[in-house]
Number of protein chains: 2
Amino acid sequence: MSATKLLVLGIVHLSGGAHGYQVRSELQSWGAESWAKIKPGSIYHALKKAAADGLLTEHAEPGNSGPERVLYRATARGRDEMVELVRDGLRRTHDPDMLNASIAMLPMLTRTDAIAQVNERVARLEAELVVQAEWREHPNRDTPEHVRDQAELWAGQARTELEWAKSLSKRLSEGAYAMADDPGSWRTVPDHLKMRA
Amino acid sequence: MSATKLLVLGIVHLSGGAHGYQVRSELQSWGAESWAKIKPGSIYHALKKAAADGLLTEHAEPGNSGPERVLYRATARGRDEMVELVRDGLRRTHDPDMLNASIAMLPMLTRTDAIAQVNERVARLEAELVVQAEWREHPNRDTPEHVRDQAELWAGQARTELEWAKSLSKRLSEGAYAMADDPGSWRTVPDHLKMRA
DNA sequence: TAGAGACTAGTCCAGTTTGACTACTTGGCC
DNA sequence: GGCCAAGTAGTCAAACTGGACTAGTCTCTA
């Protein structure tokens, strides 16, 4: 699951450097433990992995109060990789967790880029709906009835997502949200994302 | 992910005994590799695990043609566990894979039981929608705007699922599908599920 | 009739996830 | 001033997943 990777990189980047527990609390406060199913162990693993891959740097900090901590900071490669992950998550259907994580990190992208990725998602969802419709018109003879009806749910979900993606694209076009290339963007980090040093 | 466990137990049960490759091909033919993201390694693992847990029995079969195979058969405990998994998957929201797997194995339940579980899901989805609506009316001050809009998608998905669950419950009440307690149920295993011995 | 390609059956192990566990500090409160 | 609860920070082994890999058997077909 690279949703964990994306969120961890994102939090470190947004806070301009963070240690494991901080990432963990931040994700918890976003309710990410529920919608992205992220457990503590995975966070620490993702941080170490990212550091080993050169996406983050590690700085050991002697615990002035409490146990020793490791401070992580995003590298240039880490930022690039993260932006790529956000773009992928927006574009690709079939991975709800990545979509959720990408939306959470949406302001990492420039406005035009974000719109392009969301539009690509719209196109893919439309294509999938066409395939599904065909499949239901010419059903496979030995697919059980209840499995065919299940496709009804998938199609419904896809349609819901499609409408939502369209409206997101529209909102973005109309200037909603502070994106990476806007004044007052995430570069002016909102309070709740600031490092609680 | 216990969706793998459920599907593997289910296929073994439905075929009245199966070896790994058979389970694998069956799942493939259902398109499960895509909607449940199941890979070969996980299938063989799940089979061994289930055997170790006493949910399946293992019988080594000398390969009359081709390599040696291991035949698995469901035990009574395995059947009970599977039925419990199907009921859980129907009831509990927040796990789409389990829902998909449970629907695939729906005819394992008796009609009244299935209806009860689906109705429970309906109730839970309605409760979630209420909570979400409240959350959107009284938004947390420092939740970023784009994260609040994401909730729009979740709510939409929940509504879609709700409608679908209601209609499934209705279809079941009207006698759709051959359930476990019906004549002509899965006990009369359809051709495409029969062991290709 | 040998060799290519497809099918059958499963192993292997590196990588990832889980969640229980350790260990230390702070603050309250009796 | 001693003890408990809550908070801080992270480790660890066990379990699970992914998917490349092995290894035999048919089946054409040139």
# chains A, B, ... in the order shown; residues from 1 in each chain; ligands from 1
>>> interface_residues(of="chain C", to="chain A", cutoff="7 Å", atoms="only C-alpha atoms (C1' of nucleotides)", output="short mmCIF file (atom, residue, chain, number, x, y, z; two decimals) with N, CA and C atoms (P, O5', C5', C4', C3', O3' and C1' of nucleotides), in the first residue's frame")
data_model
loop_
_atom_site.label_atom_id
_atom_site.label_comp_id
_atom_site.auth_asym_id
_atom_site.auth_seq_id
_atom_site.Cartn_x
_atom_site.Cartn_y
_atom_site.Cartn_z
P DT C 17 2.97 -1.78 3.87
"O5'" DT C 17 2.35 -2.73 4.98
"C5'" DT C 17 1.60 -3.85 4.58
"C4'" DT C 17 0.91 -4.46 5.78
"C3'" DT C 17 0.35 -3.45 6.79
"O3'" DT C 17 -0.98 -3.85 7.06
"C1'" DT C 17 1.80 -4.99 7.88
P DC C 24 13.47 3.28 31.02
"O5'" DC C 24 14.01 4.78 30.77
"C5'" DC C 24 13.75 5.42 29.50
"C4'" DC C 24 12.65 6.44 29.62
"C3'" DC C 24 12.51 7.16 30.97
"O3'" DC C 24 13.01 8.49 30.84
"C1'" DC C 24 10.40 6.73 29.94
P DT C 25 12.87 9.59 32.06
"O5'" DT C 25 11.50 10.31 31.73
"C5'" DT C 25 11.38 11.00 30.49
"C4'" DT C 25 10.08 11.78 30.49
"C3'" DT C 25 9.91 12.75 31.66
"O3'" DT C 25 9.44 13.96 31.10
"C1'" DT C 25 8.04 11.30 31.52
#
>>> interface_residues(of="chain B", to="chain A", cutoff="8 Å", atoms="only C-alpha atoms", output="list of chain:residue names")
B:Trp30, B:Asn100, B:Ile103, B:Ala104, B:Leu106, B:Asp142, B:Thr143, B:Glu145, B:His146, B:Val147, B:Gln150, B:Glu152, B:Leu153, B:Gly156, B:Gln157, B:Thr160, B:Glu161, B:Trp164, B:Tyr177, B:His192
>>> write_last_selection(atoms="C-alpha atoms", output="mmCIF file, in the first residue's frame")
data_model
loop_
_atom_site.group_PDB
_atom_site.id
_atom_site.type_symbol
_atom_site.label_atom_id
_atom_site.label_comp_id
_atom_site.auth_asym_id
_atom_site.auth_seq_id
_atom_site.Cartn_x
_atom_site.Cartn_y
_atom_site.Cartn_z
ATOM 1 C CA TRP B 30 -14.562 -15.234 -11.422
ATOM 2 C CA ASN B 100 -17.426 -8.417 -2.530
ATOM 3 C CA ILE B 103 -21.624 -11.439 -2.037
ATOM 4 C CA ALA B 104 -19.801 -14.019 -4.104
ATOM 5 C CA LEU B 106 -23.993 -15.235 -0.543
ATOM 6 C CA ASP B 142 -8.985 23.372 11.273
ATOM 7 C CA THR B 143 -9.901 20.645 8.817
ATOM 8 C CA GLU B 145 -11.399 22.702 2.902
ATOM 9 C CA HIS B 146 -10.401 20.028 0.422
ATOM 10 C CA VAL B 147 -10.635 17.357 3.107
ATOM 11 C CA GLN B 150 -13.681 14.661 0.262
ATOM 12 C CA GLU B 152 -18.824 14.571 -0.030
ATOM 13 C CA LEU B 153 -17.467 11.607 -1.941
ATOM 14 C CA GLY B 156 -22.077 9.731 -1.985
ATOM 15 C CA GLN B 157 -20.515 6.285 -1.878
ATOM 16 C CA THR B 160 -25.060 4.474 -3.368
ATOM 17 C CA GLU B 161 -24.238 1.479 -1.235
ATOM 18 C CA TRP B 164 -27.994 -1.075 -3.417
ATOM 19 C CA TYR B 177 -31.239 -16.437 -5.827
ATOM 20 C CA HIS B 192 -18.956 -24.168 -13.575
#
>>> interface_residues(of="chain D", to="chain A", cutoff="10 Å", atoms="only C-alpha atoms (C1' of nucleotides)", output="compact mmCIF listing (two decimals) with C-alpha atoms (C1' of nucleotides), in the first residue's frame")
# COMPACT_ATOMS: atom_id res chain seq x y z
C1' DT D 8 5.35 10.27 24.30
C1' DA D 9 8.37 7.51 21.31
C1' DG D 10 9.45 3.64 19.34
C1' DT D 11 10.69 -1.74 18.84
C1' DC D 12 9.78 -6.38 17.59
>>> select_by_dssp(residues="range 24-75 of chain A", states="alpha helix (DSSP H)", output="PyMOL selection string")
chain A and resi 24-29+32-35+40-52
>>> residues_around(residues="range 5-15 of chain A", least_positions_apart="3", cutoff="7 Å", atoms="only C-alpha atoms (C1' of nucleotides)", output="VMD selection string")
chain A and resid 2 18 23 43 46 to 47 72 to 74 82 85 101 105 193 to 195
>>> closest_residue(among="A:Val118, A:Ala51, A:Ala123, A:Ala76", to="Gly89 in chain A", atoms="only C-alpha atoms")
A:Val118
>>> residues_around(residues="DC7 in chain C", least_positions_apart="5", cutoff="12 Å", atoms="only C-alpha atoms (C1' of nucleotides)", output="list in words")
Tyr21, Ser25 and Gly66 of chain B; DG24, DT25, DC26 and DT27 of chain D
>>> atom_distance(atom1="CA of Met108 in chain A", atom2="CA of Ala133 in chain B")
27.9 Å
>>> decode(residues="range 150-187 of chain B", atoms="N, CA, C and O atoms", output="tab-separated table (two decimals), in the first residue's frame")
chain	number	residue	atom	x	y	z
B	150	GLN	N	-13.89	16.09	0.45
B	150	GLN	CA	-13.68	14.66	0.26
B	150	GLN	C	-14.82	13.90	0.93
B	150	GLN	O	-15.25	12.86	0.44
B	151	ALA	N	-15.29	14.43	2.03
B	151	ALA	CA	-16.39	13.79	2.77
B	151	ALA	C	-17.62	13.69	1.88
B	151	ALA	O	-18.44	12.78	2.05
B	152	GLU	N	-17.72	14.60	0.93
B	152	GLU	CA	-18.82	14.57	-0.03
B	152	GLU	C	-18.80	13.25	-0.81
B	152	GLU	O	-19.83	12.64	-1.04
B	153	LEU	N	-17.61	12.87	-1.21
B	153	LEU	CA	-17.47	11.61	-1.94
B	153	LEU	C	-17.85	10.43	-1.06
B	153	LEU	O	-18.59	9.54	-1.48
B	154	TRP	N	-17.35	10.43	0.17
B	154	TRP	CA	-17.67	9.32	1.07
B	154	TRP	C	-19.17	9.20	1.25
B	154	TRP	O	-19.73	8.11	1.21
B	155	ALA	N	-19.80	10.34	1.47
B	155	ALA	CA	-21.25	10.33	1.67
B	155	ALA	C	-21.95	9.78	0.42
B	155	ALA	O	-22.87	8.97	0.52
B	156	GLY	N	-21.48	10.20	-0.74
B	156	GLY	CA	-22.08	9.73	-1.98
B	156	GLY	C	-21.94	8.22	-2.11
B	156	GLY	O	-22.90	7.52	-2.44
B	157	GLN	N	-20.74	7.72	-1.81
B	157	GLN	CA	-20.51	6.28	-1.88
B	157	GLN	C	-21.43	5.56	-0.91
B	157	GLN	O	-22.01	4.53	-1.23
B	158	ALA	N	-21.56	6.12	0.29
B	158	ALA	CA	-22.41	5.48	1.30
B	158	ALA	C	-23.86	5.45	0.83
B	158	ALA	O	-24.55	4.44	0.99
B	159	ARG	N	-24.33	6.55	0.22
B	159	ARG	CA	-25.70	6.58	-0.27
B	159	ARG	C	-25.92	5.55	-1.36
B	159	ARG	O	-26.91	4.83	-1.38
B	160	THR	N	-24.97	5.46	-2.29
B	160	THR	CA	-25.06	4.47	-3.37
B	160	THR	C	-25.14	3.06	-2.80
B	160	THR	O	-25.99	2.26	-3.19
B	161	GLU	N	-24.27	2.80	-1.83
B	161	GLU	CA	-24.24	1.48	-1.23
B	161	GLU	C	-25.54	1.19	-0.51
B	161	GLU	O	-26.06	0.07	-0.55
B	162	LEU	N	-26.06	2.23	0.15
B	162	LEU	CA	-27.31	2.08	0.88
B	162	LEU	C	-28.44	1.66	-0.04
B	162	LEU	O	-29.18	0.71	0.24
B	163	GLU	N	-28.57	2.36	-1.17
B	163	GLU	CA	-29.63	2.04	-2.11
B	163	GLU	C	-29.49	0.62	-2.60
B	163	GLU	O	-30.45	-0.14	-2.68
B	164	TRP	N	-28.25	0.26	-2.91
B	164	TRP	CA	-27.99	-1.08	-3.42
B	164	TRP	C	-28.35	-2.14	-2.37
B	164	TRP	O	-28.98	-3.15	-2.68
B	165	ALA	N	-27.95	-1.88	-1.13
B	165	ALA	CA	-28.22	-2.85	-0.07
B	165	ALA	C	-29.71	-3.01	0.14
B	165	ALA	O	-30.21	-4.14	0.33
B	166	LYS	N	-30.43	-1.90	0.08
B	166	LYS	CA	-31.89	-1.98	0.23
B	166	LYS	C	-32.50	-2.84	-0.87
B	166	LYS	O	-33.36	-3.67	-0.62
B	167	SER	N	-32.01	-2.62	-2.10
B	167	SER	CA	-32.62	-3.36	-3.20
B	167	SER	C	-32.21	-4.84	-3.13
B	167	SER	O	-33.00	-5.72	-3.48
B	168	LEU	N	-31.01	-5.11	-2.62
B	168	LEU	CA	-30.61	-6.51	-2.44
B	168	LEU	C	-31.53	-7.18	-1.42
B	168	LEU	O	-32.01	-8.30	-1.64
B	169	SER	N	-31.77	-6.48	-0.34
B	169	SER	CA	-32.64	-7.02	0.71
B	169	SER	C	-34.02	-7.32	0.13
B	169	SER	O	-34.61	-8.38	0.40
B	170	LYS	N	-34.50	-6.40	-0.69
B	170	LYS	CA	-35.82	-6.57	-1.29
B	170	LYS	C	-35.82	-7.80	-2.22
B	170	LYS	O	-36.71	-8.64	-2.14
B	171	ARG	N	-34.81	-7.87	-3.08
B	171	ARG	CA	-34.75	-9.01	-4.00
B	171	ARG	C	-34.73	-10.33	-3.23
B	171	ARG	O	-35.40	-11.29	-3.60
B	172	LEU	N	-33.95	-10.34	-2.13
B	172	LEU	CA	-33.88	-11.56	-1.33
B	172	LEU	C	-35.26	-11.90	-0.76
B	172	LEU	O	-35.68	-13.06	-0.77
B	173	SER	N	-35.95	-10.88	-0.27
B	173	SER	CA	-37.29	-11.12	0.30
B	173	SER	C	-38.24	-11.68	-0.75
B	173	SER	O	-39.14	-12.44	-0.43
B	174	GLU	N	-38.03	-11.24	-1.98
B	174	GLU	CA	-38.93	-11.68	-3.05
B	174	GLU	C	-38.53	-13.04	-3.62
B	174	GLU	O	-39.08	-13.49	-4.62
B	175	GLY	N	-37.52	-13.63	-3.00
B	175	GLY	CA	-37.17	-15.00	-3.38
B	175	GLY	C	-36.08	-15.13	-4.42
B	175	GLY	O	-35.91	-16.20	-5.00
B	176	ALA	N	-35.34	-14.04	-4.67
B	176	ALA	CA	-34.27	-14.13	-5.66
B	176	ALA	C	-33.13	-15.01	-5.17
B	176	ALA	O	-32.92	-15.15	-3.97
B	177	TYR	N	-32.42	-15.60	-6.09
B	177	TYR	CA	-31.24	-16.44	-5.83
B	177	TYR	C	-31.61	-17.75	-5.12
B	177	TYR	O	-32.53	-17.78	-4.31
B	178	ALA	N	-30.83	-18.75	-5.40
B	178	ALA	CA	-31.01	-20.03	-4.72
B	178	ALA	C	-30.16	-20.04	-3.47
B	178	ALA	O	-28.94	-20.15	-3.55
B	179	MET	N	-30.79	-19.87	-2.33
B	179	MET	CA	-30.05	-19.79	-1.07
B	179	MET	C	-29.86	-21.18	-0.46
B	179	MET	O	-30.42	-22.16	-0.94
B	180	ALA	N	-29.11	-21.22	0.66
B	180	ALA	CA	-28.73	-22.50	1.26
B	180	ALA	C	-29.93	-23.37	1.62
B	180	ALA	O	-29.85	-24.59	1.57
B	181	ASP	N	-31.03	-22.72	2.01
B	181	ASP	CA	-32.19	-23.50	2.42
B	181	ASP	C	-33.22	-23.68	1.31
B	181	ASP	O	-34.34	-24.12	1.56
B	182	ASP	N	-32.84	-23.36	0.08
B	182	ASP	CA	-33.77	-23.52	-1.03
B	182	ASP	C	-33.51	-24.83	-1.76
B	182	ASP	O	-32.38	-25.30	-1.78
B	183	PRO	N	-34.56	-25.38	-2.36
B	183	PRO	CA	-34.30	-26.48	-3.29
B	183	PRO	C	-33.56	-25.88	-4.49
B	183	PRO	O	-33.80	-24.72	-4.84
B	184	GLY	N	-32.68	-26.62	-5.06
B	184	GLY	CA	-31.93	-26.10	-6.21
B	184	GLY	C	-30.88	-25.10	-5.79
B	184	GLY	O	-30.50	-24.23	-6.55
B	185	SER	N	-30.41	-25.21	-4.54
B	185	SER	CA	-29.40	-24.28	-4.04
B	185	SER	C	-28.02	-24.76	-4.46
B	185	SER	O	-27.87	-25.65	-5.28
B	186	TRP	N	-27.00	-24.16	-3.89
B	186	TRP	CA	-25.62	-24.50	-4.23
B	186	TRP	C	-25.31	-25.96	-3.91
B	186	TRP	O	-24.29	-26.48	-4.33
B	187	ARG	N	-26.17	-26.58	-3.12
B	187	ARG	CA	-25.92	-28.00	-2.85
B	187	ARG	C	-25.98	-28.78	-4.17
B	187	ARG	O	-25.32	-29.77	-4.35
